[in-house]
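**Q** run-v2.tsv is the file, holding TSV, C-alpha atoms:
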chain	number	residue	atom	x	y	z
I	1	MET	CA	-10.95	-37.09	-21.60
I	2	PHE	CA	-12.31	-37.42	-25.11
I	3	ARG	CA	-9.07	-35.91	-26.43
I	4	LEU	CA	-6.98	-38.18	-24.19
I	5	PHE	CA	-8.65	-41.26	-25.65
I	6	GLU	CA	-7.93	-40.08	-29.19
I	7	GLU	CA	-4.36	-39.04	-28.45
I	8	THR	CA	-3.65	-42.42	-26.86
I	9	GLY	CA	-4.64	-44.19	-30.07
I	10	PHE	CA	-8.20	-45.27	-29.37
I	11	THR	CA	-10.59	-45.13	-32.30
I	12	GLY	CA	-14.34	-44.75	-32.52
I	13	VAL	CA	-14.36	-42.54	-29.46
I	14	ARG	CA	-17.89	-41.56	-28.55
I	15	SER	CA	-19.31	-39.65	-25.63
I	16	VAL	CA	-22.84	-39.13	-24.45
I	17	VAL	CA	-23.95	-37.10	-21.45
I	18	VAL	CA	-25.53	-39.11	-18.64
I	19	PRO	CA	-28.91	-37.39	-18.72
I	20	ARG	CA	-30.05	-37.82	-15.14
I	21	PHE	CA	-26.76	-37.30	-13.33
I	22	ARG	CA	-26.86	-34.67	-10.62
I	23	PHE	CA	-25.53	-34.14	-7.13
I	24	ARG	CA	-27.81	-34.71	-4.20
I	25	LYS	CA	-26.92	-31.50	-2.41
I	26	LEU	CA	-28.09	-28.30	-4.06
I	27	ALA	CA	-24.97	-26.34	-3.13
I	28	THR	CA	-22.76	-29.00	-4.73
I	29	GLN	CA	-24.98	-29.12	-7.81
I	30	ASN	CA	-24.83	-25.34	-8.18
I	31	ALA	CA	-21.03	-25.34	-7.85
I	32	ALA	CA	-20.79	-28.18	-10.36
I	33	GLU	CA	-22.95	-26.31	-12.86
I	34	ALA	CA	-20.73	-23.24	-12.51
I	35	TYR	CA	-17.79	-25.36	-13.68
I	36	GLY	CA	-19.76	-27.15	-16.38
I	37	VAL	CA	-19.39	-30.44	-14.54
I	38	LYS	CA	-21.33	-33.34	-16.03
I	39	ALA	CA	-21.25	-37.11	-16.16
I	40	VAL	CA	-20.39	-38.61	-19.52
I	41	LEU	CA	-20.38	-42.16	-20.88
I	42	PHE	CA	-17.34	-42.73	-23.08
I	43	THR	CA	-16.88	-45.63	-25.45
I	44	ALA	CA	-13.71	-46.29	-27.42
I	45	THR	CA	-11.90	-49.13	-29.17
I	46	ARG	CA	-8.26	-50.17	-29.28
I	47	PRO	CA	-7.55	-50.65	-32.99
I	48	ALA	CA	-7.28	-54.28	-34.03
I	49	THR	CA	-3.87	-53.62	-35.53
I	50	ALA	CA	-2.44	-51.71	-32.55
R	51	MET	CA	10.42	-24.51	-0.17
R	52	THR	CA	9.10	-27.86	-1.39
R	53	ASP	CA	9.90	-28.62	-5.02
R	54	PRO	CA	6.89	-29.14	-7.34
R	55	VAL	CA	7.53	-32.86	-7.84
R	56	THR	CA	7.64	-33.54	-4.10
R	57	ALA	CA	4.58	-31.35	-3.53
R	58	GLN	CA	2.65	-33.25	-6.22
R	59	ALA	CA	3.65	-36.61	-4.76
R	60	SER	CA	2.60	-35.46	-1.32
R	61	LEU	CA	-0.76	-34.22	-2.60
R	62	GLU	CA	-1.37	-37.50	-4.44
R	63	ALA	CA	-0.60	-39.49	-1.28
R	64	VAL	CA	-3.09	-37.42	0.71
R	65	LEU	CA	-5.64	-37.79	-2.09
R	66	LYS	CA	-5.24	-41.56	-2.09
R	67	ASP	CA	-5.97	-41.63	1.65
R	68	GLU	CA	-8.97	-39.36	1.21
R	69	ILE	CA	-10.43	-41.48	-1.61
R	70	ILE	CA	-10.09	-44.60	0.51
R	71	ARG	CA	-11.63	-42.84	3.53
R	72	LEU	CA	-14.62	-41.42	1.63
R	73	TYR	CA	-15.64	-44.55	-0.26
R	74	GLN	CA	-14.91	-46.81	2.71
R	75	ASP	CA	-17.31	-44.59	4.64
R	76	VAL	CA	-19.99	-45.12	1.98
R	77	ALA	CA	-19.40	-48.86	2.25
R	78	ASP	CA	-19.51	-48.85	6.04
R	79	ASN	CA	-22.43	-46.42	6.32
R	80	PRO	CA	-24.60	-46.94	3.26
R	81	ARG	CA	-27.50	-45.23	5.02
R	82	GLY	CA	-25.41	-42.09	5.40
R	83	GLU	CA	-26.13	-38.97	3.37
R	84	TYR	CA	-23.50	-37.85	0.91
R	85	HIS	CA	-23.44	-35.04	-1.61
R	86	PHE	CA	-23.81	-37.64	-4.37
R	87	PHE	CA	-26.56	-40.19	-4.89
R	88	HIS	CA	-25.60	-43.74	-4.05
R	89	GLY	CA	-27.07	-47.18	-3.59
R	90	ARG	CA	-30.22	-48.32	-5.37
R	91	GLU	CA	-31.44	-44.75	-5.72
R	92	ALA	CA	-28.39	-43.88	-7.87
R	93	ALA	CA	-28.53	-47.09	-9.89
R	94	GLU	CA	-32.19	-46.50	-10.71
R	95	LEU	CA	-31.41	-42.88	-11.61
R	96	PHE	CA	-28.86	-44.09	-14.18
R	97	GLY	CA	-31.13	-46.66	-15.76
R	98	TYR	CA	-29.87	-49.93	-14.34
R	99	ASP	CA	-32.25	-52.77	-15.14
R	100	PRO	CA	-34.45	-53.26	-12.04
R	101	ALA	CA	-34.12	-57.02	-12.52
R	102	TRP	CA	-30.35	-56.71	-12.06
R	103	LEU	CA	-30.85	-54.64	-8.91
R	104	ASP	CA	-33.29	-57.18	-7.48
R	105	ARG	CA	-30.80	-59.97	-8.18
R	106	ALA	CA	-27.68	-58.13	-6.94
R	107	PRO	CA	-26.28	-58.71	-3.44
R	108	ALA	CA	-27.78	-56.11	-1.10
R	109	GLY	CA	-24.38	-55.05	0.20
R	110	ALA	CA	-22.96	-54.40	-3.26
R	111	LEU	CA	-26.02	-52.39	-4.26
R	112	ALA	CA	-26.12	-50.36	-1.04
R	113	CYS	CA	-22.50	-49.19	-1.57
R	114	PHE	CA	-22.87	-48.33	-5.25
R	115	ALA	CA	-21.46	-44.86	-5.91
R	116	GLY	CA	-21.26	-44.66	-9.69
R	117	VAL	CA	-22.05	-41.68	-11.90
R	118	GLY	CA	-23.66	-43.46	-14.83
R	119	ASN	CA	-24.32	-46.83	-16.39
R	120	PRO	CA	-21.38	-48.34	-18.32
R	121	HIS	CA	-23.48	-51.43	-19.11
R	122	LEU	CA	-25.67	-49.42	-21.49
R	123	ARG	CA	-22.93	-49.61	-24.14
R	124	SER	CA	-20.68	-52.41	-22.95
R	125	ALA	CA	-22.31	-55.21	-25.00
R	126	ILE	CA	-20.38	-57.82	-23.02
R	127	GLN	CA	-20.52	-61.21	-24.71
R	128	PRO	CA	-20.35	-64.69	-23.16
R	129	GLY	CA	-16.74	-65.80	-22.80
R	130	GLU	CA	-15.23	-62.32	-22.72
R	131	THR	CA	-12.68	-61.11	-20.19
R	132	VAL	CA	-13.87	-57.94	-18.47
R	133	LEU	CA	-11.90	-55.51	-16.31
R	134	ASP	CA	-13.83	-53.29	-13.89
R	135	LEU	CA	-11.50	-50.45	-12.97
R	136	GLY	CA	-12.32	-49.02	-9.55
R	137	SER	CA	-14.75	-51.76	-8.68
R	138	GLY	CA	-15.75	-50.62	-5.19
R	139	ALA	CA	-18.08	-53.10	-3.54
R	140	GLY	CA	-18.53	-54.96	-6.82
R	141	LEU	CA	-21.96	-54.15	-8.27
R	142	ASP	CA	-20.76	-53.39	-11.82
R	143	ALA	CA	-18.32	-56.32	-11.82
R	144	ILE	CA	-21.05	-58.71	-10.67
R	145	ILE	CA	-23.45	-57.47	-13.36
R	146	ALA	CA	-20.63	-57.89	-15.91
R	147	SER	CA	-20.08	-61.47	-14.74
R	148	TRP	CA	-23.69	-62.30	-15.54
R	149	SER	CA	-23.13	-61.14	-19.13
R	150	ALA	CA	-19.71	-62.81	-19.50
R	151	GLY	CA	-21.14	-66.08	-18.22
R	152	PRO	CA	-19.31	-69.12	-16.89
R	153	SER	CA	-16.88	-69.16	-19.83
R	154	GLY	CA	-15.97	-65.52	-19.26
R	155	LYS	CA	-13.83	-63.86	-16.64
R	156	VAL	CA	-14.20	-60.67	-14.62
R	157	ILE	CA	-11.19	-58.95	-13.11
R	158	ALA	CA	-11.85	-56.15	-10.65
R	159	VAL	CA	-9.26	-53.62	-9.50
R	160	ASP	CA	-9.68	-51.23	-6.60
R	161	LEU	CA	-7.35	-48.92	-4.75
R	162	ASN	CA	-8.70	-50.07	-1.40
R	163	PRO	CA	-7.82	-53.68	-0.45
R	164	SER	CA	-10.77	-53.91	1.94
R	165	MET	CA	-13.16	-53.01	-0.88
R	166	CYS	CA	-11.68	-55.89	-2.85
R	167	VAL	CA	-12.52	-58.19	0.07
R	168	LYS	CA	-16.09	-56.85	0.08
R	169	ALA	CA	-16.44	-57.24	-3.70
R	170	GLN	CA	-15.19	-60.83	-3.53
R	171	ALA	CA	-17.61	-61.61	-0.71
R	172	HIS	CA	-20.54	-60.05	-2.55
R	173	ALA	CA	-19.65	-61.95	-5.70
R	174	ALA	CA	-19.36	-65.24	-3.82
R	175	ALA	CA	-22.73	-64.65	-2.14
R	176	SER	CA	-24.38	-64.23	-5.53
R	177	GLY	CA	-22.57	-67.05	-7.28
R	178	ALA	CA	-20.65	-64.63	-9.51
R	179	ARG	CA	-17.04	-65.31	-10.46
R	180	LEU	CA	-14.77	-62.42	-9.75
R	181	ASP	CA	-11.05	-61.89	-9.14
R	182	CYS	CA	-10.37	-58.59	-7.38
R	183	HIS	CA	-6.87	-57.15	-7.19
R	184	PRO	CA	-5.89	-54.15	-5.08
R	185	GLY	CA	-4.10	-51.66	-7.27
R	186	ARG	CA	-3.84	-48.18	-8.72
R	187	MET	CA	-5.48	-47.19	-11.98
R	188	GLU	CA	-2.23	-45.52	-13.04
R	189	ALA	CA	-0.51	-48.94	-12.89
R	190	ILE	CA	-3.23	-51.53	-13.45
R	191	PRO	CA	-2.11	-54.93	-12.10
R	192	VAL	CA	-3.15	-56.77	-15.26
R	193	PRO	CA	-0.96	-58.06	-18.13
R	194	ASP	CA	-0.71	-56.37	-21.52
R	195	ALA	CA	-3.44	-57.12	-24.08
R	196	SER	CA	-5.34	-59.42	-21.74
R	197	VAL	CA	-8.89	-58.08	-21.56
R	198	ASP	CA	-11.70	-57.71	-24.10
R	199	ILE	CA	-13.46	-54.81	-22.41
R	200	VAL	CA	-12.84	-52.32	-19.63
R	201	ILE	CA	-15.73	-50.84	-17.71
R	202	SER	CA	-15.39	-48.12	-15.08
R	203	ASN	CA	-17.80	-45.88	-13.24
R	204	GLY	CA	-16.86	-42.54	-11.70
R	205	VAL	CA	-13.24	-43.35	-11.01
R	206	ILE	CA	-10.83	-41.86	-13.57
R	207	ASN	CA	-11.80	-38.32	-12.59
R	208	LEU	CA	-10.17	-38.99	-9.21
R	209	SER	CA	-6.71	-39.34	-10.76
R	210	PHE	CA	-4.27	-36.48	-11.19
R	211	ARG	CA	-2.70	-38.52	-14.00
R	212	LYS	CA	-5.58	-39.16	-16.38
R	213	ARG	CA	-3.37	-39.53	-19.46
R	214	GLN	CA	-1.46	-42.31	-17.70
R	215	VAL	CA	-4.73	-44.02	-16.80
R	216	ILE	CA	-5.98	-43.90	-20.40
R	217	GLU	CA	-2.63	-45.28	-21.59
R	218	GLU	CA	-3.04	-48.12	-19.11
R	219	LEU	CA	-6.51	-48.88	-20.51
R	220	PHE	CA	-4.94	-49.10	-23.97
R	221	ARG	CA	-2.16	-51.36	-22.69
R	222	VAL	CA	-4.39	-53.92	-20.98
R	223	LEU	CA	-6.95	-54.15	-23.80
R	224	LYS	CA	-6.48	-56.76	-26.49
R	225	PRO	CA	-6.24	-55.32	-30.01
R	226	GLY	CA	-9.84	-54.71	-31.01
R	227	GLY	CA	-10.84	-54.47	-27.34
R	228	ARG	CA	-13.10	-51.70	-26.14
R	229	CYS	CA	-14.02	-49.65	-23.11
R	230	SER	CA	-17.23	-48.26	-21.69
R	231	ILE	CA	-16.46	-45.63	-19.10
R	232	ALA	CA	-18.87	-43.44	-17.14
R	233	ASP	CA	-17.12	-40.52	-15.54
R	234	ILE	CA	-17.25	-36.91	-14.47
R	235	VAL	CA	-15.82	-34.18	-16.67
R	236	SER	CA	-15.54	-30.45	-16.21
R	237	ALA	CA	-15.90	-27.90	-19.00
R	238	LYS	CA	-13.76	-25.37	-17.12
R	239	PRO	CA	-10.47	-25.86	-15.27
R	240	LEU	CA	-11.10	-26.37	-11.58
R	241	SER	CA	-9.80	-23.68	-9.28
R	242	PRO	CA	-6.56	-24.25	-7.34
R	243	SER	CA	-8.62	-24.25	-4.15
R	244	ILE	CA	-10.35	-27.43	-5.40
R	245	VAL	CA	-7.33	-29.05	-7.06
R	246	ASN	CA	-5.22	-28.61	-3.93
R	247	ASP	CA	-7.91	-29.81	-1.53
R	248	PRO	CA	-7.97	-33.63	-1.47
R	249	LYS	CA	-11.38	-33.68	0.24
R	250	LEU	CA	-12.96	-31.68	-2.58
R	251	TRP	CA	-11.08	-33.58	-5.30
R	252	ALA	CA	-12.08	-36.96	-3.89
R	253	SER	CA	-15.68	-35.81	-3.76
In structure tokens, how does this file's structure come out?
**A**
Amino acid sequence: MFRLFEETGFTGVRSVVVPRFRFRKLATQNAAEAYGVKAVLFTATRPATA
Amino acid sequence: MTDPVTAQASLEAVLKDEIIRLYQDVADNPRGEYHFFHGREAAELFGYDPAWLDRAPAGALACFAGVGNPHLRSAIQPGETVLDLGSGAGLDAIIASWSAGPSGKVIAVDLNPSMCVKAQAHAAASGARLDCHPGRMEAIPVPDASVDIVISNGVINLSFRKRQVIEELFRVLKPGGRCSIADIVSAKPLSPSIVNDPKLWAS
């Protein structure tokens, strides 16, 4: 998604992992970790001239 | 044999139904157990201000199913127009309305019309001003360059057309506008068994 923001024309794209995100069920959490699934907070700006 | 375009459209239609079913179930059965955290427990996990949670309508809080806290970096100012994309029962939109104040405006958009009704009711009960529109994130029912900030929480990952969603965010933001989006990402491509299973994708 970071790349999608940049390719769309957003600037100042930032991402930070949501530190305490996890799934409630252990099996789901284990499957998510196998895929590198995480929650991320993205911020981005539409340029003032766009 | 079904052509790929028709198959994709069919899968997206099933996914839409599954998303509505799952999150409607959370709204109707907030005491239910799901594979994700929800309600106050989730909001506290993600660092929502306890004072907000005490002030929020109980129904909006009980249905909360976000994956993070977009308010941490939203810096919403009084008088701003805010769009909450995928607003659910309205918790994030209501919190945003407190920051935008009486001179601001909060527009909520949700795929499920009945969730819009809930969000409006929760907002009215708390004195918050909120306009909720049923609609898809791939075609946001908001005019071009009309909002100062978009917030969203755990929604864009549900779309098969993420590029289109991001382009829609760009379209509706005013020049200089910004977004604060909490969402789920995957470092590896998901297997076809997940991608082609609407229940797993919606989850």
**Q** Kindly assemble as a Markdown table a list of the chain R residues that lie within 8 Å of chain I, each paired with its nearest atom pair and their distance in Å to one decimal, using only C-alpha atoms, sorted first by chain and then by ascending residue number.
**A**
| residue | atom | partner | partner_atom | distance |
| --- | --- | --- | --- | --- |
| R:Tyr84 | CA | I:Arg24 | CA | 7.4 |
| R:His85 | CA | I:Lys25 | CA | 5.0 |
| R:Phe86 | CA | I:Phe23 | CA | 4.8 |
| R:Phe87 | CA | I:Arg24 | CA | 5.7 |
| R:Leu95 | CA | I:Arg20 | CA | 6.3 |
| R:Phe96 | CA | I:Arg20 | CA | 6.5 |
| R:Val117 | CA | I:Ala39 | CA | 6.3 |
| R:Gly118 | CA | I:Val18 | CA | 6.1 |
| R:Asn119 | CA | I:Leu41 | CA | 7.6 |
| R:Pro120 | CA | I:Leu41 | CA | 6.8 |
| R:Arg123 | CA | I:Thr43 | CA | 7.4 |
| R:Lys212 | CA | I:Met1 | CA | 7.8 |
| R:Arg213 | CA | I:Leu4 | CA | 6.1 |
| R:Ile216 | CA | I:Phe5 | CA | 6.5 |
| R:Glu217 | CA | I:Thr8 | CA | 6.1 |
| R:Phe220 | CA | I:Arg46 | CA | 6.4 |
| R:Leu223 | CA | I:Arg46 | CA | 6.9 |
| R:Lys224 | CA | I:Arg46 | CA | 7.4 |
| R:Pro225 | CA | I:Ala48 | CA | 4.3 |
| R:Gly226 | CA | I:Ala48 | CA | 4.0 |
| R:Gly227 | CA | I:Arg46 | CA | 5.4 |
| R:Arg228 | CA | I:Thr45 | CA | 4.2 |
| R:Cys229 | CA | I:Thr43 | CA | 5.5 |
| R:Ser230 | CA | I:Thr43 | CA | 4.6 |
| R:Ile231 | CA | I:Phe42 | CA | 5.0 |
| R:Ala232 | CA | I:Leu41 | CA | 4.2 |
| R:Asp233 | CA | I:Ala39 | CA | 5.4 |
| R:Ile234 | CA | I:Ala39 | CA | 4.3 |
| R:Val235 | CA | I:Val37 | CA | 5.6 |
| R:Ser236 | CA | I:Val37 | CA | 4.2 |
| R:Ala237 | CA | I:Gly36 | CA | 4.7 |
| R:Lys238 | CA | I:Tyr35 | CA | 5.3 |
| R:Pro239 | CA | I:Tyr35 | CA | 7.5 |
| R:Leu240 | CA | I:Tyr35 | CA | 7.1 |
**Q** With C-alpha atoms retained, write the just-selected residues as an mmCIF file, keeping the file's coordinate frame.
**A**
data_model
loop_
_atom_site.group_PDB
_atom_site.id
_atom_site.type_symbol
_atom_site.label_atom_id
_atom_site.label_comp_id
_atom_site.auth_asym_id
_atom_site.auth_seq_id
_atom_site.Cartn_x
_atom_site.Cartn_y
_atom_site.Cartn_z
ATOM 1 C CA TYR R 84 -23.500 -37.850 0.910
ATOM 2 C CA HIS R 85 -23.440 -35.040 -1.610
ATOM 3 C CA PHE R 86 -23.810 -37.640 -4.370
ATOM 4 C CA PHE R 87 -26.560 -40.190 -4.890
ATOM 5 C CA LEU R 95 -31.410 -42.880 -11.610
ATOM 6 C CA PHE R 96 -28.860 -44.090 -14.180
ATOM 7 C CA VAL R 117 -22.050 -41.680 -11.900
ATOM 8 C CA GLY R 118 -23.660 -43.460 -14.830
ATOM 9 C CA ASN R 119 -24.320 -46.830 -16.390
ATOM 10 C CA PRO R 120 -21.380 -48.340 -18.320
ATOM 11 C CA ARG R 123 -22.930 -49.610 -24.140
ATOM 12 C CA LYS R 212 -5.580 -39.160 -16.380
ATOM 13 C CA ARG R 213 -3.370 -39.530 -19.460
ATOM 14 C CA ILE R 216 -5.980 -43.900 -20.400
ATOM 15 C CA GLU R 217 -2.630 -45.280 -21.590
ATOM 16 C CA PHE R 220 -4.940 -49.100 -23.970
ATOM 17 C CA LEU R 223 -6.950 -54.150 -23.800
ATOM 18 C CA LYS R 224 -6.480 -56.760 -26.490
ATOM 19 C CA PRO R 225 -6.240 -55.320 -30.010
ATOM 20 C CA GLY R 226 -9.840 -54.710 -31.010
ATOM 21 C CA GLY R 227 -10.840 -54.470 -27.340
ATOM 22 C CA ARG R 228 -13.100 -51.700 -26.140
ATOM 23 C CA CYS R 229 -14.020 -49.650 -23.110
ATOM 24 C CA SER R 230 -17.230 -48.260 -21.690
ATOM 25 C CA ILE R 231 -16.460 -45.630 -19.100
ATOM 26 C CA ALA R 232 -18.870 -43.440 -17.140
ATOM 27 C CA ASP R 233 -17.120 -40.520 -15.540
ATOM 28 C CA ILE R 234 -17.250 -36.910 -14.470
ATOM 29 C CA VAL R 235 -15.820 -34.180 -16.670
ATOM 30 C CA SER R 236 -15.540 -30.450 -16.210
ATOM 31 C CA ALA R 237 -15.900 -27.900 -19.000
ATOM 32 C CA LYS R 238 -13.760 -25.370 -17.120
ATOM 33 C CA PRO R 239 -10.470 -25.860 -15.270
ATOM 34 C CA LEU R 240 -11.100 -26.370 -11.580
#
**Q** Any chance you could work out the axis-aligned box around range 180-198 of chain R, listed atoms only, 4 Å on each side, giving centre and edge lengths in Å to one decimal, as lines of an AutoDock Vina configuration file?
**A**
center_x = -7.6
center_y = -54.0
center_z = -14.6
size_x = 22.3
size_y = 24.9
size_z = 27.0
**Q** Just give me the gap between CA of Glu68 in chain R and CA of Arg221 in chain R in Å, one decimal is fine.
**A**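 Value for the CA of Glu68 in chain R-CA of Arg221 in chain R distance: 27.6 Å.
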**Q** Residues near Gln170 in chain R, anyone? I mean within 8 Å using only C-alpha atoms, not counting same-chain ones fewer than 6 positions away, as a PDB file with C-alpha atoms, keeping the file's coordinate frame.
**A**
ATOM      1  CA  GLY R 140     -18.530 -54.960  -6.820  1.00  0.00           C
ATOM      2  CA  LEU R 180     -14.770 -62.420  -9.750  1.00  0.00           C
ATOM      3  CA  ASP R 181     -11.050 -61.890  -9.140  1.00  0.00           C
ATOM      4  CA  CYS R 182     -10.370 -58.590  -7.380  1.00  0.00           C
TER       5      CYS R 182
END
**Q** By how many Å are CA of Ile144 in chain R and CA of Ala178 in chain R apart?
**A** 6.0 Å
**Q** Pick out the closest residue to Leu219 in chain R from this set: R:Leu133, R:Met165, R:Ile244, R:Ala139. Count only C-alpha atoms.
**A**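 Among R:Leu133, R:Met165, R:Ile244, R:Ala139, it is R:Leu133 that comes nearest to Leu219 in chain R.
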**Q** Would you mind reading off the distance between CA of Glu188 in chain R and CA of Gln214 in chain R, one decimal, in Å?
**A**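 CA of Gln214 in chain R lies 5.7 Å from CA of Glu188 in chain R.
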**Q** Which residues are near Val215 in chain R? Cut-off 8 Å, all atoms listed in the file, ignore same chain within fewer than 4 positions. Put them as a PyMOL selection string.
**A** chain R and resi 187-189+206+209+211+219
